[in-house]
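Just below is one structure, and these are the notes that go with it.
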Amino acid sequence: MSRKPAIREAEPSLVVSHGCDFFGEDRHPLKDVAALSVYLENTVPYLDRPAVAPLAEPESRTLPDAEAAWLAEHLLKVARNRRIKPGVAALARSLADAAGRAAAEGKSWTWTVERSPAP
């Protein structure tokens with residue numbers, strides 16, 4: 001009789017502002033965000049790839065509203081691609097929505113990385 005444990009270890013995650021939950025935040029696992037960055041790099045020209053590099057190795061930072069709008073546009077390209085896996089597309093859409101909300105309000109988009117507590 002094997003059962004999946006109800007309590008799991010906390011995994012490192014990226015918390016972004018202007019999200020959909022009660023507190024206005026969204027939480028995404030870092031490994032999923034890093035996987036998304038590979039798809040995102042293919043939507044921008046080669047010279048613009050440093051602009052999307054922060055998603056490859058996310059860290060706590062604040063993006064101005066203009067940069068959030070630019071990133072939201074490219075995240076939507078990934079989300080709308082029908083050859084992308086559904087999980088990756090959903091993550092791209094969620095991040096694009098949060099970035100779009102921040103840009104529409106004229107506020108900066110904030111990322112906070114939460115690591116697992118040390119044992």
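Identifiers in this document derive from the order of the structure tokens: chains are assigned A, B, ..., residues are numbered from 1 separately in each chain, and ligands are numbered from 1 in order of occurrence.
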* Residue neighbourhood stretch 20-27 of chain A, 10 Å, only C-alpha atoms, exclusion window fewer than 2 positions, as a PyMOL selection string -> chain A and resi 12-18+29-30+94-95+97-98+110-114
* Can you tell me, as a ChimeraX atom specification, what residues are no more than 10 Å from stretch 40-48 of chain A when counting only C-alpha atoms, ignoring any on the same chain fewer than 2 positions away? -> /A:34-38,50-53,55-56,71,73-79,92
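Distance check against A:Gly100 using only C-alpha atoms: of A:Pro86, A:Asn81, A:Glu9, A:Ala66, the minimum falls on A:Ala66.
Checking A:Tyr39, A:Gly106, A:Gly19, A:Ile7 one by one against A:Lys85, counting only C-alpha atoms, you find the shortest gap at A:Tyr39.
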* To do: Per DSSP on the backbone, filter chain A down to the residues in strand (DSSP E or B) and report them as number ranges by chain.
  => A: 13-17, 25-29, 61-63, 109-114
Residue subset to file, keeping C-alpha atoms, as a PDB file, in the first residue's frame:
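result35.pdb, written as the output of this step:
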ATOM      1  CA  SER A  13      10.186  29.244  -6.532  1.00  0.00           C
ATOM      2  CA  LEU A  14       9.844  32.592  -8.249  1.00  0.00           C
ATOM      3  CA  VAL A  15       7.196  34.896  -6.790  1.00  0.00           C
ATOM      4  CA  VAL A  16       6.066  37.633  -9.178  1.00  0.00           C
ATOM      5  CA  SER A  17       3.984  40.685  -8.411  1.00  0.00           C
ATOM      6  CA  GLU A  25       1.286  37.379  -6.464  1.00  0.00           C
ATOM      7  CA  ASP A  26       1.992  34.247  -8.472  1.00  0.00           C
ATOM      8  CA  ARG A  27       4.429  31.499  -7.425  1.00  0.00           C
ATOM      9  CA  HIS A  28       6.211  29.375 -10.053  1.00  0.00           C
ATOM     10  CA  PRO A  29       8.869  26.658  -9.522  1.00  0.00           C
ATOM     11  CA  ARG A  61      14.847  41.950  -9.246  1.00  0.00           C
ATOM     12  CA  THR A  62      12.514  44.715 -10.333  1.00  0.00           C
ATOM     13  CA  LEU A  63      11.682  45.344 -13.984  1.00  0.00           C
ATOM     14  CA  TRP A 109       7.166  44.230 -12.047  1.00  0.00           C
ATOM     15  CA  THR A 110       8.889  42.587  -9.085  1.00  0.00           C
ATOM     16  CA  TRP A 111      10.395  39.109  -8.914  1.00  0.00           C
ATOM     17  CA  THR A 112      11.375  37.500  -5.624  1.00  0.00           C
ATOM     18  CA  VAL A 113      13.215  34.182  -5.466  1.00  0.00           C
ATOM     19  CA  GLU A 114      12.343  32.022  -2.484  1.00  0.00           C
TER      20      GLU A 114
END
* DSSP helix (DSSP H, G or I) residues within chain A, as a VMD selection string -> chain A and resid 30 to 41 46 to 55 65 to 80 86 to 105
* Asked: So which one's closest to A:Lys107, A:Glu57, A:Asp65, A:Asp32, A:Glu11? Using only C-alpha atoms, please.
  ->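 Nearest candidate to A:Lys107 out of A:Glu57, A:Asp65, A:Asp32, A:Glu11: A:Asp65.
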* Would you mind reading off the distance between atom CA of A:Val33 and atom CA of A:Arg82, one decimal, in Å? =>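 Going from atom CA of A:Val33 over to atom CA of A:Arg82, I get 18.8 Å.
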* Any idea what the distance is between atom CA of A:Ala10 and atom CA of A:Pro58? -> 17.3 Å
